[in-house]
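A.B. asks: Take a look at query35.pdb, PDB, C-alpha atoms and all ligand atoms:
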```pdb
MODEL        1
ATOM      1  CA  MET E   1     -86.712 -76.995  12.059
ATOM      2  CA  ASN E   2     -87.707 -80.709  11.984
ATOM      3  CA  GLY E   3     -91.275 -79.646  12.524
ATOM      4  CA  ARG E   4     -90.354 -78.289  15.954
ATOM      5  CA  LEU E   5     -91.009 -74.765  17.091
ATOM      6  CA  THR E   6     -90.956 -72.755  20.260
ATOM      7  CA  ILE E   7     -93.809 -70.975  21.959
ATOM      8  CA  THR E   8     -93.945 -69.082  25.233
ATOM      9  CA  VAL E   9     -96.573 -69.949  27.814
ATOM     10  CA  ASP E  10     -96.819 -67.755  30.910
ATOM     11  CA  GLY E  11     -93.233 -66.667  30.368
ATOM     12  CA  ARG E  12     -91.939 -70.228  29.953
ATOM     13  CA  ARG E  13     -90.508 -71.325  26.628
ATOM     14  CA  ILE E  14     -91.952 -74.602  25.435
ATOM     15  CA  GLU E  15     -91.029 -76.733  22.473
ATOM     16  CA  ALA E  16     -93.965 -77.814  20.330
ATOM     17  CA  ARG E  17     -94.580 -79.805  17.169
ATOM     18  CA  ALA E  18     -95.875 -78.024  14.111
ATOM     19  CA  GLY E  19     -99.540 -78.885  13.668
ATOM     20  CA  GLN E  20    -100.241 -79.299  17.359
ATOM     21  CA  THR E  21    -102.904 -77.169  18.970
ATOM     22  CA  ILE E  22    -101.948 -74.933  21.876
ATOM     23  CA  LEU E  23    -103.770 -77.314  24.185
ATOM     24  CA  GLU E  24    -101.811 -80.325  22.926
ATOM     25  CA  ALA E  25     -98.457 -78.556  23.084
ATOM     26  CA  CYS E  26     -99.143 -77.334  26.611
ATOM     27  CA  GLN E  27    -100.259 -80.776  27.696
ATOM     28  CA  ASP E  28     -97.070 -82.391  26.366
ATOM     29  CA  ALA E  29     -95.102 -79.841  28.385
ATOM     30  CA  GLY E  30     -96.994 -80.525  31.604
ATOM     31  CA  VAL E  31     -99.153 -77.430  31.434
ATOM     32  CA  TYR E  32    -102.844 -78.053  32.012
ATOM     33  CA  VAL E  33    -105.318 -76.105  29.902
ATOM     34  CA  PRO E  34    -108.867 -76.601  31.206
ATOM     35  CA  ARG E  35    -111.311 -78.031  28.689
ATOM     36  CA  LEU E  36    -114.805 -79.493  28.452
ATOM     37  CA  CYS E  37    -115.701 -80.132  24.819
ATOM     38  CA  ALA E  38    -112.210 -81.328  23.866
ATOM     39  CA  HIS E  39    -111.564 -85.058  24.195
ATOM     40  CA  PRO E  40    -108.480 -86.939  23.044
ATOM     41  CA  LYS E  41    -110.488 -89.570  21.138
ATOM     42  CA  LEU E  42    -112.708 -87.084  19.334
ATOM     43  CA  SER E  43    -112.381 -84.488  16.610
ATOM     44  CA  VAL E  44    -111.892 -80.881  17.625
ATOM     45  CA  TYR E  45    -115.131 -78.997  18.197
ATOM     46  CA  GLY E  46    -114.232 -75.719  19.929
ATOM     47  CA  SER E  47    -117.577 -74.873  21.477
ATOM     48  CA  CYS E  48    -117.285 -74.517  25.241
ATOM     49  CA  ARG E  49    -114.470 -71.932  25.364
ATOM     50  CA  VAL E  50    -113.309 -73.200  28.764
ATOM     51  CA  CYS E  51    -109.856 -73.554  27.183
ATOM     52  CA  THR E  52    -109.691 -69.834  26.378
ATOM     53  CA  CYS E  53    -106.199 -68.385  26.642
ATOM     54  CA  LEU E  54    -104.755 -65.114  25.432
ATOM     55  CA  VAL E  55    -102.498 -65.156  22.394
ATOM     56  CA  GLY E  56    -100.821 -61.819  21.890
ATOM     57  CA  GLY E  57    -103.551 -60.426  24.134
ATOM     58  CA  ARG E  58    -106.448 -61.880  22.111
ATOM     59  CA  ALA E  59    -108.854 -64.491  23.492
ATOM     60  CA  THR E  60    -108.293 -67.778  21.653
ATOM     61  CA  ALA E  61    -109.598 -71.321  22.041
ATOM     62  CA  ALA E  62    -106.505 -73.390  22.842
ATOM     63  CA  CYS E  63    -108.072 -76.651  21.638
ATOM     64  CA  VAL E  64    -108.550 -75.258  18.131
ATOM     65  CA  GLN E  65    -105.668 -72.870  17.528
ATOM     66  CA  PRO E  66    -102.533 -74.456  16.039
ATOM     67  CA  VAL E  67     -99.218 -73.326  17.477
ATOM     68  CA  GLN E  68     -97.136 -70.858  15.496
ATOM     69  CA  PRO E  69     -93.441 -70.082  15.970
ATOM     70  CA  GLY E  70     -92.890 -67.437  18.620
ATOM     71  CA  MET E  71     -96.458 -67.440  19.925
ATOM     72  CA  VAL E  72     -96.797 -65.727  23.287
ATOM     73  CA  ILE E  73     -99.597 -67.297  25.316
ATOM     74  CA  GLU E  74    -101.204 -66.458  28.647
ATOM     75  CA  ASN E  75    -102.686 -69.552  30.231
ATOM     76  CA  ASP E  76    -102.524 -68.657  33.898
ATOM     77  CA  SER E  77    -102.918 -64.875  34.118
ATOM     78  CA  ASP E  78    -105.605 -63.203  36.218
ATOM     79  CA  ARG E  79    -107.442 -62.151  33.055
ATOM     80  CA  VAL E  80    -107.494 -65.665  31.600
ATOM     81  CA  LEU E  81    -108.601 -67.209  34.873
ATOM     82  CA  GLU E  82    -111.408 -64.673  35.168
ATOM     83  CA  ILE E  83    -112.637 -65.403  31.627
ATOM     84  CA  ARG E  84    -112.688 -69.134  32.337
ATOM     85  CA  ARG E  85    -114.314 -68.670  35.730
ATOM     86  CA  THR E  86    -117.083 -66.619  34.126
ATOM     87  CA  ILE E  87    -117.680 -69.267  31.434
ATOM     88  CA  ILE E  88    -117.867 -72.029  34.033
ATOM     89  CA  GLU E  89    -120.277 -70.045  36.203
ATOM     90  CA  MET E  90    -122.487 -69.405  33.181
ATOM     91  CA  LEU E  91    -122.606 -73.126  32.442
ATOM     92  CA  PHE E  92    -123.857 -73.721  35.964
ATOM     93  CA  VAL E  93    -126.666 -71.158  35.797
ATOM     94  CA  GLU E  94    -127.796 -72.125  32.282
ATOM     95  CA  GLY E  95    -128.597 -75.675  33.336
ATOM     96  CA  ASN E  96    -129.851 -77.376  36.476
ATOM     97  CA  HIS E  97    -126.764 -78.725  38.210
ATOM     98  CA  PHE E  98    -127.595 -80.030  41.665
ATOM     99  CA  CYS E  99    -124.229 -81.523  42.495
ATOM    100  CA  MET E 100    -125.178 -82.594  45.993
ATOM    101  CA  VAL E 101    -127.691 -85.115  44.665
ATOM    102  CA  CYS E 102    -126.117 -85.919  41.293
ATOM    103  CA  GLU E 103    -124.925 -89.471  40.726
ATOM    104  CA  LYS E 104    -121.955 -88.146  38.727
ATOM    105  CA  SER E 105    -120.644 -86.116  41.688
ATOM    106  CA  GLY E 106    -116.922 -86.745  42.091
ATOM    107  CA  ASP E 107    -116.571 -87.845  38.464
ATOM    108  CA  CYS E 108    -118.022 -84.714  36.879
ATOM    109  CA  GLU E 109    -115.635 -82.505  34.944
ATOM    110  CA  LEU E 110    -117.806 -79.395  35.364
ATOM    111  CA  GLN E 111    -117.940 -79.849  39.129
ATOM    112  CA  ALA E 112    -114.204 -80.551  39.204
ATOM    113  CA  LEU E 113    -113.508 -77.388  37.212
ATOM    114  CA  ALA E 114    -115.563 -75.388  39.698
ATOM    115  CA  TYR E 115    -113.457 -76.798  42.523
ATOM    116  CA  ARG E 116    -110.234 -76.081  40.660
ATOM    117  CA  PHE E 117    -111.320 -72.489  40.065
ATOM    118  CA  GLY E 118    -112.503 -72.014  43.634
ATOM    119  CA  ILE E 119    -116.109 -71.422  42.567
ATOM    120  CA  THR E 120    -118.465 -71.937  45.489
ATOM    121  CA  HIS E 121    -121.472 -70.304  43.822
ATOM    122  CA  PRO E 122    -122.144 -68.470  40.547
ATOM    123  CA  ARG E 123    -122.380 -64.667  40.530
ATOM    124  CA  PHE E 124    -125.213 -64.821  38.004
ATOM    125  CA  PRO E 125    -128.882 -65.622  38.630
ATOM    126  CA  TYR E 126    -129.918 -69.227  38.037
ATOM    127  CA  MET E 127    -132.150 -69.653  35.002
ATOM    128  CA  PHE E 128    -133.782 -72.908  36.114
ATOM    129  CA  PRO E 129    -134.745 -73.964  32.568
ATOM    130  CA  GLU E 130    -137.455 -76.564  32.206
ATOM    131  CA  ARG E 131    -135.958 -79.530  30.443
ATOM    132  CA  PRO E 132    -137.317 -83.042  30.048
ATOM    133  CA  ILE E 133    -135.474 -86.226  30.972
ATOM    134  CA  ASP E 134    -135.243 -88.950  28.331
ATOM    135  CA  ALA E 135    -135.408 -92.110  30.408
ATOM    136  CA  GLY E 136    -137.116 -94.417  27.891
ATOM    137  CA  HIS E 137    -134.012 -96.307  26.796
ATOM    138  CA  PRO E 138    -133.466 -99.577  28.681
ATOM    139  CA  GLU E 139    -129.732 -98.988  29.156
ATOM    140  CA  LEU E 140    -129.153 -95.255  28.861
ATOM    141  CA  LEU E 141    -130.467 -92.066  30.435
ATOM    142  CA  LEU E 142    -130.313 -88.589  28.904
ATOM    143  CA  ASP E 143    -130.805 -85.842  31.473
ATOM    144  CA  HIS E 144    -130.913 -82.525  29.650
ATOM    145  CA  ASP E 145    -130.766 -80.637  32.967
ATOM    146  CA  ARG E 146    -127.084 -81.494  33.273
ATOM    147  CA  CYS E 147    -126.100 -81.137  29.634
ATOM    148  CA  VAL E 148    -123.482 -78.490  28.820
ATOM    149  CA  LEU E 149    -123.827 -78.929  25.035
ATOM    150  CA  CYS E 150    -120.190 -79.907  24.612
ATOM    151  CA  GLY E 151    -121.169 -82.253  21.794
ATOM    152  CA  ARG E 152    -118.848 -85.049  22.896
ATOM    153  CA  CYS E 153    -121.712 -87.570  22.729
ATOM    154  CA  VAL E 154    -122.714 -86.426  19.247
ATOM    155  CA  ARG E 155    -119.162 -86.842  17.966
ATOM    156  CA  ALA E 156    -118.636 -90.116  19.857
ATOM    157  CA  SER E 157    -121.742 -91.655  18.338
ATOM    158  CA  ALA E 158    -120.545 -90.805  14.830
ATOM    159  CA  GLU E 159    -116.777 -91.135  15.184
ATOM    160  CA  LEU E 160    -116.371 -93.978  17.693
ATOM    161  CA  ASP E 161    -119.631 -95.929  17.521
ATOM    162  CA  GLY E 162    -120.257 -95.524  13.787
ATOM    163  CA  LYS E 163    -123.833 -94.385  14.374
ATOM    164  CA  SER E 164    -125.750 -91.120  14.366
ATOM    165  CA  ALA E 165    -127.815 -91.607  17.487
ATOM    166  CA  LEU E 166    -127.518 -87.998  18.634
ATOM    167  CA  GLY E 167    -127.455 -84.522  17.167
ATOM    168  CA  PHE E 168    -128.201 -80.919  18.059
ATOM    169  CA  ALA E 169    -131.595 -79.260  17.762
ATOM    170  CA  GLY E 170    -132.849 -75.738  18.477
ATOM    171  CA  ARG E 171    -131.003 -72.456  18.802
ATOM    172  CA  GLY E 172    -129.766 -70.173  21.552
ATOM    173  CA  LEU E 173    -131.074 -71.071  24.995
ATOM    174  CA  ARG E 174    -133.298 -73.718  23.412
ATOM    175  CA  ARG E 175    -130.375 -75.575  21.890
ATOM    176  CA  ARG E 176    -130.272 -79.157  23.049
ATOM    177  CA  ILE E 177    -128.952 -82.618  22.338
ATOM    178  CA  GLU E 178    -131.601 -84.619  20.580
ATOM    179  CA  ALA E 179    -131.865 -88.303  19.854
ATOM    180  CA  ASP E 180    -132.212 -89.169  16.217
ATOM    181  CA  GLY E 181    -135.495 -90.929  16.614
ATOM    182  CA  PRO E 182    -139.130 -90.065  17.357
ATOM    183  CA  ARG E 183    -139.071 -92.016  20.612
ATOM    184  CA  GLY E 184    -136.000 -90.295  21.968
ATOM    185  CA  LEU E 185    -132.955 -92.408  22.785
ATOM    186  CA  ALA E 186    -135.106 -95.531  22.850
ATOM    187  CA  GLY E 187    -135.881 -94.990  19.173
ATOM    188  CA  THR E 188    -132.221 -95.004  18.142
ATOM    189  CA  ASP E 189    -129.706 -97.782  17.683
ATOM    190  CA  ALA E 190    -127.651 -96.539  20.665
ATOM    191  CA  THR E 191    -126.797 -99.220  23.231
ATOM    192  CA  GLY E 192    -125.266 -99.274  26.669
ATOM    193  CA  ASP E 193    -122.014-100.486  25.103
ATOM    194  CA  ASP E 194    -121.650 -97.318  23.038
ATOM    195  CA  THR E 195    -119.156 -94.667  24.092
ATOM    196  CA  ILE E 196    -121.636 -91.805  24.360
ATOM    197  CA  ALA E 197    -122.037 -92.067  28.139
ATOM    198  CA  GLU E 198    -118.337 -92.705  28.701
ATOM    199  CA  VAL E 199    -117.281 -89.431  27.047
ATOM    200  CA  CYS E 200    -119.953 -87.253  28.686
ATOM    201  CA  PRO E 201    -118.077 -84.877  31.022
ATOM    202  CA  VAL E 202    -121.106 -84.358  33.275
ATOM    203  CA  GLY E 203    -124.060 -86.483  34.345
ATOM    204  CA  ALA E 204    -126.171 -85.843  31.255
ATOM    205  CA  LEU E 205    -125.679 -89.229  29.607
ATOM    206  CA  LEU E 206    -125.487 -92.154  31.974
ATOM    207  CA  ARG E 207    -125.507 -95.919  31.739
ATOM    208  CA  LYS E 208    -128.397 -97.134  33.818
ATOM    209  CA  GLY E 209    -127.571 -99.374  36.744
ATOM    210  CA  THR E 210    -123.948 -98.284  37.022
ATOM    211  CA  ALA E 211    -124.123 -94.929  38.791
ATOM    212  CA  TYR E 212    -123.087 -96.020  42.272
ATOM    213  CA  ARG E 213    -120.628 -98.792  41.501
ATOM    214  CA  THR E 214    -117.938 -96.459  42.775
ATOM    215  CA  PRO E 215    -119.230 -94.805  45.940
ATOM    216  CA  TYR E 216    -118.989 -91.109  46.679
ATOM    217  CA  GLY E 217    -115.626 -90.309  48.215
ATOM    218  CA  ARG E 218    -113.766 -92.841  46.074
ATOM    219  CA  ARG E 219    -114.240 -91.181  42.723
ATOM    220  CA  ARG E 220    -111.612 -89.616  40.538
ATOM    221  CA  TYR E 221    -111.954 -85.981  41.506
ATOM    222  CA  ASP E 222    -112.527 -86.818  45.152
ATOM    223  CA  HIS E 223    -108.791 -87.498  45.218
ATOM    224  CA  GLU E 224    -107.092 -85.227  42.734
ATOM    225  CA  PRO E 225    -107.992 -81.946  41.070
ATOM    226  CA  ILE E 226    -108.961 -82.056  37.436
ATOM    227  CA  GLY E 227    -105.802 -81.608  35.387
ATOM    228  CA  GLY E 228    -103.683 -82.941  38.236
ATOM    229  CA  ASP E 229    -102.512 -85.747  35.941
ATOM    230  CA  ILE E 230    -101.190 -83.144  33.477
ATOM    231  CA  ASP E 231     -99.759 -80.478  35.767
ATOM    232  CA  ALA E 232     -96.030 -81.089  36.018
ATOM    233  CA  PRO E 233     -94.662 -80.785  39.544
ATOM    234  CA  CYS E 234     -92.923 -77.452  40.004
ATOM    235  CA  GLY E 235     -89.499 -77.526  38.366
ATOM    236  CA  GLU E 236     -90.241 -80.529  36.153
ATOM    237  CA  ALA E 237     -92.009 -78.688  33.359
ATOM    238  CA  GLN E 238     -90.042 -78.324  30.197
ATOM    239  CA  GLU E 239     -88.097 -75.127  30.594
ATOM    240  CA  ASP E 240     -85.121 -73.797  28.764
ATOM    241  CA  ARG E 241     -84.140 -70.773  30.720
TER     242      ARG E 241
HETATM  243  S1  LIG K   1    -112.150 -77.214  25.148
HETATM  244 FE1  LIG K   1    -111.649 -75.676  23.714
HETATM  245  S2  LIG K   1    -113.545 -74.811  23.174
HETATM  246 FE2  LIG K   1    -114.076 -76.461  24.505
ENDMDL
END
```
Could you spell out this file's structure in structure tokens?

C.D. replies:
Amino acid sequence: MNGRLTITVDGRRIEARAGQTILEACQDAGVYVPRLCAHPKLSVYGSCRVCTCLVGGRATAACVQPVQPGMVIENDSDRVLEIRRTIIEMLFVEGNHFCMVCEKSGDCELQALAYRFGITHPRFPYMFPERPIDAGHPELLLDHDRCVLCGRCVRASAELDGKSALGFAGRGLRRRIEADGPRGLAGTDATGDDTIAEVCPVGALLRKGTAYRTPYGRRRYDHEPIGGDIDAPCGEAQEDR
């Protein structure tokens, strides 16, 4: 087998490497699986469920689940798209995401996912939680209103920066990212050179003084849909029948 195996994604047979996750195998084959908490430089976390697909009819997180020979996966069916759309809408109503005035607009993965899924407004009532902003750090800003609890910053601080500047605190709707210091981010050893802002998919962690270096209209998702760099043009995806 040479560590190779075959899976089926939306009726297309795809060759994968043993040990790959569904998300990785799909990506190598030019099939985009939406994701928020997954990041190529970070360990697998599996929290946001935006990557949900159906494996043999069962909802599965594609970023966590390793491929198995003969797996039959739905990544683009109406049911899968509806599950993902619901998760994305819930992320919007659980926080305070005012895209029209957000400095991350155009570079925000949550906003870009909403565009990709054709979401113009959530079907659920907004919760408008009261959340503080941690602006005490000279180089970094932590805006809890925009946080989607993906944990990328927590993992980046530990795995890429070799620190433990951030962690999780609280449970349920009170769960939040918390700086490991009594003075918030300013009380940690985090600096503007750390990767924690770079990996944030939304505008929750920002480097101060950099927000408008690239103006609105010239940002990444102003020009291409999220996942557009992965989606293979029709007919180019790996296909064996
Ligand atoms: S990307 Fe898979 S659970 Fe978040």

A.B. asks: With a cut-off of 12 Å, could you pull out the residues of chain E touching ligand LIG 1 (chain K) and give me the nearest pair of atoms for each, distance in Å to one decimal, using only C-alpha atoms and all ligand atoms, ordered by chain and ascending number, as a Markdown table?

C.D. replies:
```
| residue | atom | partner | partner_atom | distance |
| --- | --- | --- | --- | --- |
| E:Thr21 | CA | K:LIG1 | FE1 | 10.1 |
| E:Ile22 | CA | K:LIG1 | FE1 | 9.9 |
| E:Leu23 | CA | K:LIG1 | FE1 | 8.1 |
| E:Glu24 | CA | K:LIG1 | FE1 | 10.9 |
| E:Tyr32 | CA | K:LIG1 | S1 | 11.6 |
| E:Val33 | CA | K:LIG1 | S1 | 8.4 |
| E:Pro34 | CA | K:LIG1 | S1 | 6.9 |
| E:Arg35 | CA | K:LIG1 | S1 | 3.7 |
| E:Leu36 | CA | K:LIG1 | S1 | 4.8 |
| E:Cys37 | CA | K:LIG1 | FE2 | 4.0 |
| E:Ala38 | CA | K:LIG1 | S1 | 4.3 |
| E:His39 | CA | K:LIG1 | S1 | 7.9 |
| E:Pro40 | CA | K:LIG1 | S1 | 10.6 |
| E:Leu42 | CA | K:LIG1 | S1 | 11.5 |
| E:Ser43 | CA | K:LIG1 | S1 | 11.2 |
| E:Val44 | CA | K:LIG1 | FE1 | 8.0 |
| E:Tyr45 | CA | K:LIG1 | S2 | 6.7 |
| E:Gly46 | CA | K:LIG1 | S2 | 3.4 |
| E:Ser47 | CA | K:LIG1 | S2 | 4.4 |
| E:Cys48 | CA | K:LIG1 | FE2 | 3.8 |
| E:Arg49 | CA | K:LIG1 | S2 | 3.7 |
| E:Val50 | CA | K:LIG1 | FE2 | 5.4 |
| E:Cys51 | CA | K:LIG1 | FE1 | 4.4 |
| E:Thr52 | CA | K:LIG1 | FE1 | 6.7 |
| E:Cys53 | CA | K:LIG1 | FE1 | 9.6 |
| E:Ala59 | CA | K:LIG1 | S2 | 11.3 |
| E:Thr60 | CA | K:LIG1 | FE1 | 8.8 |
| E:Ala61 | CA | K:LIG1 | FE1 | 5.1 |
| E:Ala62 | CA | K:LIG1 | FE1 | 5.7 |
| E:Cys63 | CA | K:LIG1 | FE1 | 4.2 |
| E:Val64 | CA | K:LIG1 | FE1 | 6.4 |
| E:Gln65 | CA | K:LIG1 | FE1 | 9.1 |
| E:Pro66 | CA | K:LIG1 | FE1 | 12.0 |
| E:Arg84 | CA | K:LIG1 | S2 | 10.8 |
| E:Ile87 | CA | K:LIG1 | FE2 | 10.6 |
| E:Ile88 | CA | K:LIG1 | FE2 | 11.2 |
| E:Glu109 | CA | K:LIG1 | S1 | 11.7 |
| E:Leu110 | CA | K:LIG1 | FE2 | 11.9 |
| E:Val148 | CA | K:LIG1 | FE2 | 10.5 |
| E:Leu149 | CA | K:LIG1 | FE2 | 10.1 |
| E:Cys150 | CA | K:LIG1 | FE2 | 7.0 |
| E:Gly151 | CA | K:LIG1 | FE2 | 9.6 |
| E:Arg152 | CA | K:LIG1 | FE2 | 10.0 |
| E:Pro201 | CA | K:LIG1 | S1 | 11.3 |
```

A.B. asks: Quick one: which residues end up in the PyMOL selection byres (((chain E and resi 107) around 6) and not hetatm) for this structure, as a list in words?

C.D. replies: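 Selection result, ordered by chain and number: Lys104, Ser105, Gly106, Cys108, Arg219, Arg220 and Tyr221 of chain E.
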
A.B. asks: Suppose a student applies the PyMOL selection byres (((chain E and resi 163) around 12) and not hetatm) to this structure; what residues should they get, written as a PDB file with C-alpha atoms, in the coordinates of the input?

C.D. replies:
```pdb
ATOM      1  CA  CYS E 153    -121.712 -87.570  22.729  1.00  0.00           C
ATOM      2  CA  VAL E 154    -122.714 -86.426  19.247  1.00  0.00           C
ATOM      3  CA  ARG E 155    -119.162 -86.842  17.966  1.00  0.00           C
ATOM      4  CA  ALA E 156    -118.636 -90.116  19.857  1.00  0.00           C
ATOM      5  CA  SER E 157    -121.742 -91.655  18.338  1.00  0.00           C
ATOM      6  CA  ALA E 158    -120.545 -90.805  14.830  1.00  0.00           C
ATOM      7  CA  GLU E 159    -116.777 -91.135  15.184  1.00  0.00           C
ATOM      8  CA  LEU E 160    -116.371 -93.978  17.693  1.00  0.00           C
ATOM      9  CA  ASP E 161    -119.631 -95.929  17.521  1.00  0.00           C
ATOM     10  CA  GLY E 162    -120.257 -95.524  13.787  1.00  0.00           C
ATOM     11  CA  SER E 164    -125.750 -91.120  14.366  1.00  0.00           C
ATOM     12  CA  ALA E 165    -127.815 -91.607  17.487  1.00  0.00           C
ATOM     13  CA  LEU E 166    -127.518 -87.998  18.634  1.00  0.00           C
ATOM     14  CA  GLY E 167    -127.455 -84.522  17.167  1.00  0.00           C
ATOM     15  CA  ALA E 179    -131.865 -88.303  19.854  1.00  0.00           C
ATOM     16  CA  ASP E 180    -132.212 -89.169  16.217  1.00  0.00           C
ATOM     17  CA  THR E 188    -132.221 -95.004  18.142  1.00  0.00           C
ATOM     18  CA  ASP E 189    -129.706 -97.782  17.683  1.00  0.00           C
ATOM     19  CA  ALA E 190    -127.651 -96.539  20.665  1.00  0.00           C
ATOM     20  CA  THR E 191    -126.797 -99.220  23.231  1.00  0.00           C
ATOM     21  CA  ASP E 194    -121.650 -97.318  23.038  1.00  0.00           C
ATOM     22  CA  THR E 195    -119.156 -94.667  24.092  1.00  0.00           C
ATOM     23  CA  ILE E 196    -121.636 -91.805  24.360  1.00  0.00           C
TER      24      ILE E 196
END
```

A.B. asks: Using all atoms listed in the file, which protein or nucleic acid residues come within 12 Å of range 121-127 of chain E? Drop anything in the same chain fewer than 5 positions from it, and give the result as a PDB file with C-alpha atoms, keeping the file's coordinate frame.

C.D. replies:
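And here is the file that came out, part_8.pdb:
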```pdb
ATOM      1  CA  ARG E  85    -114.314 -68.670  35.730  1.00  0.00           C
ATOM      2  CA  THR E  86    -117.083 -66.619  34.126  1.00  0.00           C
ATOM      3  CA  ILE E  87    -117.680 -69.267  31.434  1.00  0.00           C
ATOM      4  CA  ILE E  88    -117.867 -72.029  34.033  1.00  0.00           C
ATOM      5  CA  GLU E  89    -120.277 -70.045  36.203  1.00  0.00           C
ATOM      6  CA  MET E  90    -122.487 -69.405  33.181  1.00  0.00           C
ATOM      7  CA  LEU E  91    -122.606 -73.126  32.442  1.00  0.00           C
ATOM      8  CA  PHE E  92    -123.857 -73.721  35.964  1.00  0.00           C
ATOM      9  CA  VAL E  93    -126.666 -71.158  35.797  1.00  0.00           C
ATOM     10  CA  GLU E  94    -127.796 -72.125  32.282  1.00  0.00           C
ATOM     11  CA  GLY E  95    -128.597 -75.675  33.336  1.00  0.00           C
ATOM     12  CA  ASN E  96    -129.851 -77.376  36.476  1.00  0.00           C
ATOM     13  CA  HIS E  97    -126.764 -78.725  38.210  1.00  0.00           C
ATOM     14  CA  PHE E  98    -127.595 -80.030  41.665  1.00  0.00           C
ATOM     15  CA  CYS E  99    -124.229 -81.523  42.495  1.00  0.00           C
ATOM     16  CA  GLN E 111    -117.940 -79.849  39.129  1.00  0.00           C
ATOM     17  CA  ALA E 114    -115.563 -75.388  39.698  1.00  0.00           C
ATOM     18  CA  TYR E 115    -113.457 -76.798  42.523  1.00  0.00           C
ATOM     19  CA  ASP E 145    -130.766 -80.637  32.967  1.00  0.00           C
ATOM     20  CA  LEU E 173    -131.074 -71.071  24.995  1.00  0.00           C
TER      21      LEU E 173
END
```

A.B. asks: Report the distance between CA of Leu141 in chain E and CA of Arg171 in chain E in Å, rounded to one decimal place.

C.D. replies: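 Atom-to-atom, CA of Leu141 in chain E to CA of Arg171 in chain E, that is 22.8 Å.
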
A.B. asks: Using only C-alpha atoms, can you tell me which of E:Glu82, E:Asp134, E:Asp10, E:Glu74 comes closest to Leu205 in chain E?

C.D. replies: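 Comparing E:Glu82, E:Asp134, E:Asp10, E:Glu74 against Leu205 in chain E, the winner is E:Asp134.
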
A.B. asks: On this structure, the PyMOL selection byres (((chain E and resi 207) around 8) and not hetatm) would catch which residues? List them as a PDB file with C-alpha atoms, keeping the file's coordinate frame, sorted by chain and number.

C.D. replies:
```pdb
ATOM      1  CA  GLU E 139    -129.732 -98.988  29.156  1.00  0.00           C
ATOM      2  CA  LEU E 140    -129.153 -95.255  28.861  1.00  0.00           C
ATOM      3  CA  LEU E 141    -130.467 -92.066  30.435  1.00  0.00           C
ATOM      4  CA  GLY E 192    -125.266 -99.274  26.669  1.00  0.00           C
ATOM      5  CA  ALA E 197    -122.037 -92.067  28.139  1.00  0.00           C
ATOM      6  CA  LEU E 205    -125.679 -89.229  29.607  1.00  0.00           C
ATOM      7  CA  LEU E 206    -125.487 -92.154  31.974  1.00  0.00           C
ATOM      8  CA  LYS E 208    -128.397 -97.134  33.818  1.00  0.00           C
ATOM      9  CA  GLY E 209    -127.571 -99.374  36.744  1.00  0.00           C
ATOM     10  CA  THR E 210    -123.948 -98.284  37.022  1.00  0.00           C
ATOM     11  CA  ALA E 211    -124.123 -94.929  38.791  1.00  0.00           C
TER      12      ALA E 211
END
```

A.B. asks: My list of candidates is E:Pro132, E:Pro138, E:Gly70, E:Gly118. Which is closest to Gly11 in chain E when distances are computed with all atoms listed in the file?

C.D. replies: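 With all atoms listed in the file as the atom set, the closest residue is E:Gly70.
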
A.B. asks: Considering all atoms listed in the file, state which residue in the set E:Gly30, E:Pro129, E:Pro215, E:Gly136 is at the smallest distance from Gly187 in chain E.

C.D. replies: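 Of all the options, E:Gly136 lies closest to Gly187 in chain E.
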
A.B. asks: Quick one: distance from CA of Cys26 in chain E to CA of Asp222 in chain E in Å, one decimal?

C.D. replies: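 So the answer is 24.8 Å.
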
A.B. asks: Please return as an mmCIF file with C-alpha atoms, keeping the file's coordinate frame every residue within 8 Å of (-93.5, -72.5, 23.4), taking into account all atoms listed in the file and the file's own coordinates.

C.D. replies:
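Below you can see result.cif, which holds the result:
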```
data_model
loop_
_atom_site.group_PDB
_atom_site.id
_atom_site.type_symbol
_atom_site.label_atom_id
_atom_site.label_comp_id
_atom_site.auth_asym_id
_atom_site.auth_seq_id
_atom_site.Cartn_x
_atom_site.Cartn_y
_atom_site.Cartn_z
ATOM 1 C CA LEU E 5 -91.009 -74.765 17.091
ATOM 2 C CA THR E 6 -90.956 -72.755 20.260
ATOM 3 C CA ILE E 7 -93.809 -70.975 21.959
ATOM 4 C CA THR E 8 -93.945 -69.082 25.233
ATOM 5 C CA VAL E 9 -96.573 -69.949 27.814
ATOM 6 C CA ARG E 12 -91.939 -70.228 29.953
ATOM 7 C CA ARG E 13 -90.508 -71.325 26.628
ATOM 8 C CA ILE E 14 -91.952 -74.602 25.435
ATOM 9 C CA GLU E 15 -91.029 -76.733 22.473
ATOM 10 C CA ALA E 16 -93.965 -77.814 20.330
ATOM 11 C CA ALA E 25 -98.457 -78.556 23.084
ATOM 12 C CA PRO E 69 -93.441 -70.082 15.970
ATOM 13 C CA GLY E 70 -92.890 -67.437 18.620
ATOM 14 C CA MET E 71 -96.458 -67.440 19.925
ATOM 15 C CA VAL E 72 -96.797 -65.727 23.287
#
```

A.B. asks: Just to confirm, what's the straight-line distance from CA of Ile226 in chain E to CA of Gln20 in chain E in Å (one decimal)?

C.D. replies: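 Value for the CA of Ile226 in chain E-CA of Gln20 in chain E distance: 22.1 Å.
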
A.B. asks: Write out as a list of chain:residue names each polymer residue whose atoms come within 9 Å of Gly3 in chain E, counting all atoms listed in the file; drop sequence neighbours fewer than 5 positions from it.

C.D. replies: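 Listing them by chain and then by number gives E:Ala16, E:Arg17, E:Ala18, E:Gly19.
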
A.B. asks: Find, counting all atoms listed in the file, the residue in E:Arg176, E:Gly184, E:His137, E:Leu81 that gets nearest to Arg116 in chain E.

C.D. replies: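 The answer is E:Leu81, which sits nearest to Arg116 in chain E.
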
A.B. asks: I'd like to know which of E:Asn2, E:Ile83, E:Lys41, E:Cys102 is closest to Tyr212 in chain E, using all atoms listed in the file.

C.D. replies: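 Closest residue, counting all atoms listed in the file: E:Cys102.
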